[in-house]
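Colleague: So here's work37.pdb (PDB, C-alpha atoms, pLDDT in the B column).
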ATOM      1  CA  MET A   4       8.444  36.552  -1.517  1.00 50.00           C
ATOM      2  CA  ALA A   5      10.490  33.893   0.259  1.00 54.00           C
ATOM      3  CA  GLN A   6      11.843  32.584  -3.057  1.00 56.00           C
ATOM      4  CA  LEU A   7      12.798  36.076  -4.165  1.00 54.00           C
ATOM      5  CA  LEU A   8      14.721  36.739  -0.967  1.00 59.00           C
ATOM      6  CA  LEU A   9      16.271  33.298  -0.677  1.00 64.00           C
ATOM      7  CA  ARG A  10      17.542  33.173  -4.285  1.00 80.00           C
ATOM      8  CA  PRO A  11      19.552  36.374  -4.560  1.00 85.00           C
ATOM      9  CA  SER A  12      21.761  37.262  -7.492  1.00 87.00           C
ATOM     10  CA  LYS A  13      25.346  36.014  -7.564  1.00 90.00           C
ATOM     11  CA  PRO A  14      26.812  39.432  -6.634  1.00 91.00           C
ATOM     12  CA  LEU A  15      24.522  39.639  -3.578  1.00 91.00           C
ATOM     13  CA  ARG A  16      25.343  36.067  -2.568  1.00 91.00           C
ATOM     14  CA  ARG A  17      29.045  36.830  -2.882  1.00 93.00           C
ATOM     15  CA  ALA A  18      28.670  40.008  -0.820  1.00 95.00           C
ATOM     16  CA  VAL A  19      26.847  38.147   1.971  1.00 94.00           C
ATOM     17  CA  GLU A  20      29.218  35.172   1.943  1.00 94.00           C
ATOM     18  CA  GLY A  21      32.300  37.422   1.889  1.00 95.00           C
ATOM     19  CA  PHE A  22      30.994  39.580   4.722  1.00 96.00           C
ATOM     20  CA  LEU A  23      30.087  36.578   6.869  1.00 96.00           C
ATOM     21  CA  ALA A  24      33.446  34.913   6.234  1.00 96.00           C
ATOM     22  CA  ARG A  25      35.255  38.060   7.402  1.00 95.00           C
ATOM     23  CA  ALA A  26      32.863  39.088  10.176  1.00 95.00           C
ATOM     24  CA  VAL A  27      31.896  35.851  11.924  1.00 94.00           C
ATOM     25  CA  GLY A  28      33.686  32.998  10.176  1.00 92.00           C
ATOM     26  CA  PHE A  29      32.352  30.920   7.322  1.00 83.00           C
ATOM     27  CA  GLY A  30      29.478  28.683   8.426  1.00 87.00           C
ATOM     28  CA  GLN A  31      29.456  30.004  12.008  1.00 92.00           C
ATOM     29  CA  ALA A  32      26.272  30.761  13.927  1.00 92.00           C
ATOM     30  CA  PHE A  33      25.461  34.444  14.435  1.00 94.00           C
ATOM     31  CA  ASN A  34      22.705  36.724  15.687  1.00 94.00           C
ATOM     32  CA  ALA A  35      21.349  39.808  13.958  1.00 96.00           C
ATOM     33  CA  VAL A  36      19.785  42.989  15.261  1.00 97.00           C
ATOM     34  CA  HIS A  37      17.887  45.557  13.208  1.00 96.00           C
ATOM     35  CA  LEU A  38      18.203  49.141  14.466  1.00 96.00           C
ATOM     36  CA  ARG A  39      15.630  51.414  12.769  1.00 93.00           C
ATOM     37  CA  ASP A  40      15.137  55.054  13.742  1.00 91.00           C
ATOM     38  CA  PHE A  41      12.530  56.347  11.231  1.00 91.00           C
ATOM     39  CA  GLU A  42      14.211  59.710  10.730  1.00 90.00           C
ATOM     40  CA  GLY A  43      14.284  60.217  14.496  1.00 90.00           C
ATOM     41  CA  THR A  44      10.559  59.523  14.977  1.00 92.00           C
ATOM     42  CA  CYS A  45      10.558  55.872  16.085  1.00 93.00           C
ATOM     43  CA  VAL A  46       9.576  56.539  19.709  1.00 93.00           C
ATOM     44  CA  LYS A  47       6.940  59.102  18.669  1.00 93.00           C
ATOM     45  CA  ARG A  48       5.383  56.621  16.191  1.00 92.00           C
ATOM     46  CA  CYS A  49       5.280  53.779  18.688  1.00 91.00           C
ATOM     47  CA  ARG A  50       1.908  52.463  19.894  1.00 88.00           C
ATOM     48  CA  PRO A  51       0.899  49.880  22.531  1.00 86.00           C
ATOM     49  CA  GLU A  52       0.295  47.297  19.800  1.00 84.00           C
ATOM     50  CA  ASN A  53       3.955  47.599  18.785  1.00 85.00           C
ATOM     51  CA  ILE A  54       5.019  46.788  22.333  1.00 85.00           C
ATOM     52  CA  ALA A  55       2.623  43.821  22.302  1.00 84.00           C
ATOM     53  CA  SER A  56       4.039  42.498  19.020  1.00 85.00           C
ATOM     54  CA  GLN A  57       7.423  41.524  20.447  1.00 87.00           C
ATOM     55  CA  SER A  58       8.316  38.896  23.050  1.00 87.00           C
ATOM     56  CA  VAL A  59      10.144  40.828  25.799  1.00 90.00           C
ATOM     57  CA  THR A  60       7.873  41.415  28.795  1.00 88.00           C
ATOM     58  CA  GLU A  61       7.837  43.503  31.949  1.00 92.00           C
ATOM     59  CA  ALA A  62       8.761  40.378  33.905  1.00 93.00           C
ATOM     60  CA  ASP A  63      11.825  39.904  31.687  1.00 92.00           C
ATOM     61  CA  LEU A  64      13.117  43.469  32.103  1.00 94.00           C
ATOM     62  CA  GLY A  65      12.005  44.074  35.686  1.00 95.00           C
ATOM     63  CA  ARG A  66      10.157  47.172  34.460  1.00 95.00           C
ATOM     64  CA  PRO A  67       7.620  47.928  31.736  1.00 94.00           C
ATOM     65  CA  VAL A  68       8.889  47.540  28.181  1.00 94.00           C
ATOM     66  CA  ASN A  69       8.849  50.901  26.437  1.00 94.00           C
ATOM     67  CA  CYS A  70       9.282  52.095  22.884  1.00 94.00           C
ATOM     68  CA  GLU A  71      12.808  53.330  23.483  1.00 95.00           C
ATOM     69  CA  ASP A  72      13.825  49.749  24.280  1.00 95.00           C
ATOM     70  CA  PHE A  73      13.385  48.521  20.721  1.00 93.00           C
ATOM     71  CA  CYS A  74      13.649  51.840  18.874  1.00 95.00           C
ATOM     72  CA  ASN A  75      17.159  52.273  20.295  1.00 95.00           C
ATOM     73  CA  MET A  76      17.846  48.585  20.953  1.00 96.00           C
ATOM     74  CA  THR A  77      18.874  49.384  24.515  1.00 96.00           C
ATOM     75  CA  ASP A  78      21.423  47.088  26.139  1.00 97.00           C
ATOM     76  CA  ALA A  79      18.768  45.807  28.570  1.00 96.00           C
ATOM     77  CA  TYR A  80      16.423  44.966  25.680  1.00 95.00           C
ATOM     78  CA  LEU A  81      19.135  43.337  23.566  1.00 95.00           C
ATOM     79  CA  ASN A  82      20.441  41.284  26.483  1.00 94.00           C
ATOM     80  CA  VAL A  83      16.974  39.987  27.385  1.00 94.00           C
ATOM     81  CA  SER A  84      16.064  39.295  23.736  1.00 92.00           C
ATOM     82  CA  LEU A  85      19.253  37.344  23.151  1.00 91.00           C
ATOM     83  CA  TYR A  86      18.870  35.496  26.448  1.00 90.00           C
ATOM     84  CA  LYS A  87      15.262  34.520  25.659  1.00 86.00           C
ATOM     85  CA  GLY A  88      16.410  33.293  22.264  1.00 83.00           C
ATOM     86  CA  SER A  89      19.202  31.208  23.845  1.00 83.00           C
ATOM     87  CA  ALA A  90      21.466  33.300  21.653  1.00 80.00           C
ATOM     88  CA  LEU A  91      23.997  34.803  24.057  1.00 86.00           C
ATOM     89  CA  GLY A  92      27.638  34.476  23.118  1.00 88.00           C
ATOM     90  CA  ARG A  93      27.257  34.318  19.351  1.00 93.00           C
ATOM     91  CA  PRO A  94      28.722  37.009  17.096  1.00 95.00           C
ATOM     92  CA  LEU A  95      26.300  39.858  16.378  1.00 96.00           C
ATOM     93  CA  VAL A  96      25.575  41.473  13.011  1.00 97.00           C
ATOM     94  CA  LEU A  97      23.970  44.918  13.088  1.00 98.00           C
ATOM     95  CA  ALA A  98      21.705  46.048  10.248  1.00 97.00           C
ATOM     96  CA  HIS A  99      20.723  49.698  10.537  1.00 95.00           C
ATOM     97  CA  ASP A 100      19.407  52.642   8.560  1.00 90.00           C
ATOM     98  CA  GLY A 101      22.307  54.968   9.450  1.00 92.00           C
ATOM     99  CA  GLN A 102      20.001  57.394  11.250  1.00 92.00           C
ATOM    100  CA  ASN A 103      21.184  56.676  14.775  1.00 94.00           C
ATOM    101  CA  PRO A 104      24.951  56.483  14.320  1.00 96.00           C
ATOM    102  CA  ALA A 105      25.718  57.061  18.017  1.00 96.00           C
ATOM    103  CA  ARG A 106      23.639  54.062  19.113  1.00 97.00           C
ATOM    104  CA  ALA A 107      24.945  51.943  16.224  1.00 97.00           C
ATOM    105  CA  ALA A 108      28.518  52.758  17.357  1.00 98.00           C
ATOM    106  CA  GLU A 109      27.617  51.800  20.945  1.00 98.00           C
ATOM    107  CA  ILE A 110      26.254  48.430  19.809  1.00 97.00           C
ATOM    108  CA  VAL A 111      29.384  47.832  17.744  1.00 98.00           C
ATOM    109  CA  ARG A 112      31.596  48.762  20.704  1.00 97.00           C
ATOM    110  CA  HIS A 113      29.652  46.962  23.442  1.00 96.00           C
ATOM    111  CA  TYR A 114      28.714  43.779  21.562  1.00 96.00           C
ATOM    112  CA  GLY A 115      31.481  43.651  18.958  1.00 96.00           C
ATOM    113  CA  ALA A 116      28.745  43.819  16.324  1.00 97.00           C
ATOM    114  CA  LYS A 117      29.760  43.740  12.676  1.00 98.00           C
ATOM    115  CA  VAL A 118      28.123  46.026  10.103  1.00 98.00           C
ATOM    116  CA  TYR A 119      28.006  45.541   6.339  1.00 97.00           C
ATOM    117  CA  ALA A 120      28.872  48.844   4.654  1.00 94.00           C
ATOM    118  CA  GLY A 121      29.285  47.877   1.009  1.00 92.00           C
ATOM    119  CA  PRO A 122      27.091  48.273  -2.070  1.00 93.00           C
ATOM    120  CA  ASN A 123      23.436  47.181  -1.946  1.00 93.00           C
ATOM    121  CA  ALA A 124      23.507  47.378   1.846  1.00 94.00           C
ATOM    122  CA  ALA A 125      19.714  47.117   2.298  1.00 94.00           C
ATOM    123  CA  PHE A 126      19.578  43.890   0.255  1.00 93.00           C
ATOM    124  CA  VAL A 127      22.599  42.437   2.015  1.00 95.00           C
ATOM    125  CA  ASP A 128      21.166  43.428   5.409  1.00 96.00           C
ATOM    126  CA  MET A 129      17.890  41.651   4.603  1.00 94.00           C
ATOM    127  CA  LEU A 130      19.748  38.491   3.624  1.00 94.00           C
ATOM    128  CA  LEU A 131      21.800  38.685   6.822  1.00 95.00           C
ATOM    129  CA  LEU A 132      18.621  39.027   8.915  1.00 94.00           C
ATOM    130  CA  LEU A 133      17.204  35.987   7.120  1.00 92.00           C
ATOM    131  CA  GLN A 134      20.328  33.876   7.568  1.00 91.00           C
ATOM    132  CA  SER A 135      20.975  34.729  11.218  1.00 92.00           C
ATOM    133  CA  ASN A 136      20.411  32.119  13.879  1.00 92.00           C
ATOM    134  CA  TYR A 137      18.441  34.612  15.956  1.00 92.00           C
ATOM    135  CA  LEU A 138      16.866  37.903  14.863  1.00 94.00           C
ATOM    136  CA  VAL A 139      16.161  40.839  17.182  1.00 94.00           C
ATOM    137  CA  GLY A 140      13.905  43.070  15.110  1.00 92.00           C
ATOM    138  CA  ASN A 141      12.109  46.371  15.609  1.00 94.00           C
ATOM    139  CA  PRO A 142       8.334  45.805  15.778  1.00 91.00           C
ATOM    140  CA  LEU A 143       7.646  49.164  14.082  1.00 91.00           C
ATOM    141  CA  SER A 144       9.693  48.254  11.038  1.00 92.00           C
ATOM    142  CA  THR A 145       8.236  46.549   7.975  1.00 91.00           C
ATOM    143  CA  PHE A 146      11.838  45.562   7.126  1.00 93.00           C
ATOM    144  CA  SER A 147      12.109  43.633  10.429  1.00 92.00           C
ATOM    145  CA  PHE A 148       8.627  42.150  10.048  1.00 89.00           C
ATOM    146  CA  THR A 149       9.342  41.062   6.470  1.00 90.00           C
ATOM    147  CA  ALA A 150      12.441  39.234   7.670  1.00 91.00           C
ATOM    148  CA  ALA A 151      10.480  37.639  10.530  1.00 89.00           C
ATOM    149  CA  MET A 152       7.621  36.553   8.252  1.00 87.00           C
ATOM    150  CA  VAL A 153       9.967  35.024   5.661  1.00 88.00           C
ATOM    151  CA  ARG A 154      11.759  33.203   8.487  1.00 87.00           C
ATOM    152  CA  ARG A 155       8.370  31.851   9.616  1.00 84.00           C
ATOM    153  CA  ALA A 156       7.605  30.691   6.082  1.00 83.00           C
ATOM    154  CA  VAL A 157      10.826  28.741   5.593  1.00 83.00           C
ATOM    155  CA  LEU A 158      12.192  27.802   9.028  1.00 81.00           C
ATOM    156  CA  GLU A 159      10.779  25.319  11.503  1.00 75.00           C
ATOM    157  CA  ASP A 160      11.816  27.678  14.322  1.00 81.00           C
ATOM    158  CA  PRO A 161      11.811  31.322  13.159  1.00 83.00           C
ATOM    159  CA  ALA A 162      13.968  32.322  16.177  1.00 87.00           C
ATOM    160  CA  THR A 163      12.998  35.974  16.552  1.00 87.00           C
ATOM    161  CA  ASN A 164      11.702  38.383  19.194  1.00 85.00           C
ATOM    162  CA  LEU A 165       8.857  39.402  16.859  1.00 81.00           C
ATOM    163  CA  LEU A 166       5.555  37.609  17.385  1.00 75.00           C
ATOM    164  CA  GLU A 167       3.425  35.932  14.731  1.00 60.00           C
ATOM    165  CA  PHE A 168       1.026  38.738  14.028  1.00 53.00           C
ATOM    166  CA  TYR A 169       1.323  42.079  12.362  1.00 47.00           C
ATOM    167  CA  PRO A 170      -0.019  44.958  14.477  1.00 45.00           C
ATOM    168  CA  GLY A 171      -2.286  46.241  11.764  1.00 47.00           C
ATOM    169  CA  PRO A 172      -5.867  47.445  11.509  1.00 43.00           C
ATOM    170  CA  SER A 173      -7.263  44.396  13.319  1.00 39.00           C
ATOM    171  CA  LEU A 174      -6.084  45.832  16.641  1.00 43.00           C
ATOM    172  CA  LYS A 175      -7.880  49.139  16.137  1.00 43.00           C
ATOM    173  CA  LEU A 176     -11.060  48.017  14.423  1.00 41.00           C
ATOM    174  CA  GLY A 177     -11.671  44.580  15.844  1.00 43.00           C
ATOM    175  CA  MET A 178     -11.535  41.324  13.924  1.00 43.00           C
ATOM    176  CA  ASP A 179     -15.105  41.587  12.606  1.00 45.00           C
ATOM    177  CA  LYS A 180     -14.572  44.988  10.956  1.00 43.00           C
ATOM    178  CA  CYS A 181     -11.151  43.924   9.757  1.00 41.00           C
ATOM    179  CA  GLN A 182     -12.600  40.865   8.013  1.00 47.00           C
ATOM    180  CA  ARG A 183     -15.497  42.844   6.479  1.00 45.00           C
ATOM    181  CA  ARG A 184     -12.938  45.215   4.928  1.00 44.00           C
ATOM    182  CA  LYS A 185     -10.965  42.196   3.651  1.00 43.00           C
ATOM    183  CA  TRP A 186      -7.690  43.259   5.249  1.00 41.00           C
ATOM    184  CA  TYR A 187      -5.045  40.767   6.327  1.00 41.00           C
ATOM    185  CA  CYS A 188      -6.306  39.954   9.815  1.00 42.00           C
ATOM    186  CA  VAL A 189      -4.641  37.815  12.441  1.00 43.00           C
ATOM    187  CA  ALA A 190      -6.012  37.218  15.913  1.00 42.00           C
ATOM    188  CA  ARG A 191      -3.775  38.830  18.477  1.00 37.00           C
ATOM    189  CA  PRO A 192      -2.547  36.581  21.295  1.00 37.00           C
ATOM    190  CA  SER A 193      -3.208  37.776  24.808  1.00 35.00           C
ATOM    191  CA  VAL A 194      -0.529  40.173  26.008  1.00 35.00           C
ATOM    192  CA  ALA A 195      -0.924  38.705  29.508  1.00 35.00           C
ATOM    193  CA  ALA A 196      -0.026  35.249  28.121  1.00 34.00           C
ATOM    194  CA  ASN A 197       3.469  36.462  27.260  1.00 32.00           C
TER     195      ASN A 197
END
Could you show the structure in this file as structure tokens?
Modeller:
Amino acid sequence: MAQLLLRPSKPLRRAVEGFLARAVGFGQAFNAVHLRDFEGTCVKRCRPENIASQSVTEADLGRPVNCEDFCNMTDAYLNVSLYKGSALGRPLVLAHDGQNPARAAEIVRHYGAKVYAGPNAAFVDMLLLLQSNYLVGNPLSTFSFTAAMVRRAVLEDPATNLLEFYPGPSLKLGMDKCQRRKWYCVARPSVAAN
């Protein structure tokens, strides 16, 4: 998977390079955020294990982290995520599914975020998430988790708010049942340890 994503076709490479040259400056460090709304159902789909699968804590925000924080990439959540990643002050690239245009426009306005709007946007967005210096992803999104997992496979420091486990069946069934069913199982770190 990493090889597939890291060796894109020439047209995709050109699209990414051209966008980055215009948006942030060729070779400059940048952060990326993935805004995913799930046809307006992100908050409704959210579960406690999704909250536990990202690095922002109640102590960081001064209040409990909630699903709206990462479903809508609230300013408080983005600021804390970028601060924790030592990523404040870098240009921001926004990858989004187009389903929350009001919030996307707010992020563009408030953070000066740049958005790729050309052909093959999903592929270009994935490559931008992979190439960013810091990734703020949505823990409900397989798109965000794919980017985070590829970053873990190829980078010494994956630099993301998403933790190293996927909140899958192991959280609901317990590791023993998960392993008997031969699912991909990863031990969940203690939420209190965050």
Colleague: Within 9 Å of region 136-146 of chain A, counting only C-alpha atoms, which residues qualify if same-chain residues fewer than 4 places away don't, as number ranges by chain?
Modeller: A: 32-39, 41, 45, 48-50, 53-57, 73-74, 76, 81, 84-85, 88-90, 129, 132, 150-151, 161-166, 169-170
Colleague: Only C-alpha atoms, please: the residues just picked out, written as a PDB file, in the coordinates of the input.
Modeller:
ATOM      1  CA  ALA A  32      26.272  30.761  13.927  1.00 92.00           C
ATOM      2  CA  PHE A  33      25.461  34.444  14.435  1.00 94.00           C
ATOM      3  CA  ASN A  34      22.705  36.724  15.687  1.00 94.00           C
ATOM      4  CA  ALA A  35      21.349  39.808  13.958  1.00 96.00           C
ATOM      5  CA  VAL A  36      19.785  42.989  15.261  1.00 97.00           C
ATOM      6  CA  HIS A  37      17.887  45.557  13.208  1.00 96.00           C
ATOM      7  CA  LEU A  38      18.203  49.141  14.466  1.00 96.00           C
ATOM      8  CA  ARG A  39      15.630  51.414  12.769  1.00 93.00           C
ATOM      9  CA  PHE A  41      12.530  56.347  11.231  1.00 91.00           C
ATOM     10  CA  CYS A  45      10.558  55.872  16.085  1.00 93.00           C
ATOM     11  CA  ARG A  48       5.383  56.621  16.191  1.00 92.00           C
ATOM     12  CA  CYS A  49       5.280  53.779  18.688  1.00 91.00           C
ATOM     13  CA  ARG A  50       1.908  52.463  19.894  1.00 88.00           C
ATOM     14  CA  ASN A  53       3.955  47.599  18.785  1.00 85.00           C
ATOM     15  CA  ILE A  54       5.019  46.788  22.333  1.00 85.00           C
ATOM     16  CA  ALA A  55       2.623  43.821  22.302  1.00 84.00           C
ATOM     17  CA  SER A  56       4.039  42.498  19.020  1.00 85.00           C
ATOM     18  CA  GLN A  57       7.423  41.524  20.447  1.00 87.00           C
ATOM     19  CA  PHE A  73      13.385  48.521  20.721  1.00 93.00           C
ATOM     20  CA  CYS A  74      13.649  51.840  18.874  1.00 95.00           C
ATOM     21  CA  MET A  76      17.846  48.585  20.953  1.00 96.00           C
ATOM     22  CA  LEU A  81      19.135  43.337  23.566  1.00 95.00           C
ATOM     23  CA  SER A  84      16.064  39.295  23.736  1.00 92.00           C
ATOM     24  CA  LEU A  85      19.253  37.344  23.151  1.00 91.00           C
ATOM     25  CA  GLY A  88      16.410  33.293  22.264  1.00 83.00           C
ATOM     26  CA  SER A  89      19.202  31.208  23.845  1.00 83.00           C
ATOM     27  CA  ALA A  90      21.466  33.300  21.653  1.00 80.00           C
ATOM     28  CA  MET A 129      17.890  41.651   4.603  1.00 94.00           C
ATOM     29  CA  LEU A 132      18.621  39.027   8.915  1.00 94.00           C
ATOM     30  CA  ALA A 150      12.441  39.234   7.670  1.00 91.00           C
ATOM     31  CA  ALA A 151      10.480  37.639  10.530  1.00 89.00           C
ATOM     32  CA  PRO A 161      11.811  31.322  13.159  1.00 83.00           C
ATOM     33  CA  ALA A 162      13.968  32.322  16.177  1.00 87.00           C
ATOM     34  CA  THR A 163      12.998  35.974  16.552  1.00 87.00           C
ATOM     35  CA  ASN A 164      11.702  38.383  19.194  1.00 85.00           C
ATOM     36  CA  LEU A 165       8.857  39.402  16.859  1.00 81.00           C
ATOM     37  CA  LEU A 166       5.555  37.609  17.385  1.00 75.00           C
ATOM     38  CA  TYR A 169       1.323  42.079  12.362  1.00 47.00           C
ATOM     39  CA  PRO A 170      -0.019  44.958  14.477  1.00 45.00           C
TER      40      PRO A 170
END
Colleague: What does the structure give for the distance between CA of Val127 (chain A) and CA of Ala107 (chain A), in Å to one decimal?
Modeller: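 Result for CA of Val127 (chain A) versus CA of Ala107 (chain A): 17.3 Å, one decimal.
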Colleague: For the structure shown, which residues end up in the PyMOL selection byres ((chain A and resi 117) around 12)? Put them as a ChimeraX atom specification, please?
Modeller: /A:22-28,33-36,93-99,107-116,118-120,128,131
Colleague: Just to confirm, what's the straight-line distance from CA of Val19 (chain A) to CA of Ala124 (chain A) in Å (one decimal)?
Modeller: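 Straight-line distance from CA of Val19 (chain A) to CA of Ala124 (chain A) works out to 9.8 Å.
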Colleague: Can you tell me how far CA of Gly30 (chain A) sits from CA of Gln134 (chain A), in Å to one decimal?
Modeller: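 Going from CA of Gly30 (chain A) over to CA of Gln134 (chain A) covers 10.6 Å.
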Colleague: Once you count all atoms listed in the file, what closest atom pair and distance in Å to one decimal does each residue of region 78-156 of chain A within 9 Å of region 60-70 of chain A have, with rows by chain and rising residue number, as CSV?
Modeller:
residue,atom,partner,partner_atom,distance
A:Ala79,CA,A:Leu64,CA,7.1
A:Tyr80,CA,A:Leu64,CA,7.4
A:Val83,CA,A:Asp63,CA,6.7
A:Lys87,CA,A:Asp63,CA,8.8
Colleague: Create the file for the chosen residues now, containing C-alpha atoms and written as a compact mmCIF listing (two decimals), in the frame of the given file.
Modeller:
# COMPACT_ATOMS: atom_id res chain seq x y z
CA ALA A 79 18.77 45.81 28.57
CA TYR A 80 16.42 44.97 25.68
CA VAL A 83 16.97 39.99 27.38
CA LYS A 87 15.26 34.52 25.66
Colleague: Quick one: of A:Asp40, A:Ser147, A:Ser135, A:Gly121, who's nearest to Gly21 (chain A), counting all atoms listed in the file?
Modeller: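 That would be A:Gly121, the residue with the smallest distance to Gly21 (chain A).
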Colleague: Hey, what's within 8 Å of Leu15 (chain A) if we count all atoms listed in the file and toss same-chain stuff fewer than 3 positions away? As a list in words, please?
Modeller: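 Result of the neighbour search: Pro11, Ser12, Ala18, Val19, Asn123, Phe126 and Val127 of chain A.
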Colleague: Which one is closest to Asn103 (chain A): A:Arg16, A:Ser58, A:Thr44, A:Leu133? Count only C-alpha atoms.
Modeller: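 Among A:Arg16, A:Ser58, A:Thr44, A:Leu133, it is A:Thr44 that comes nearest to Asn103 (chain A).
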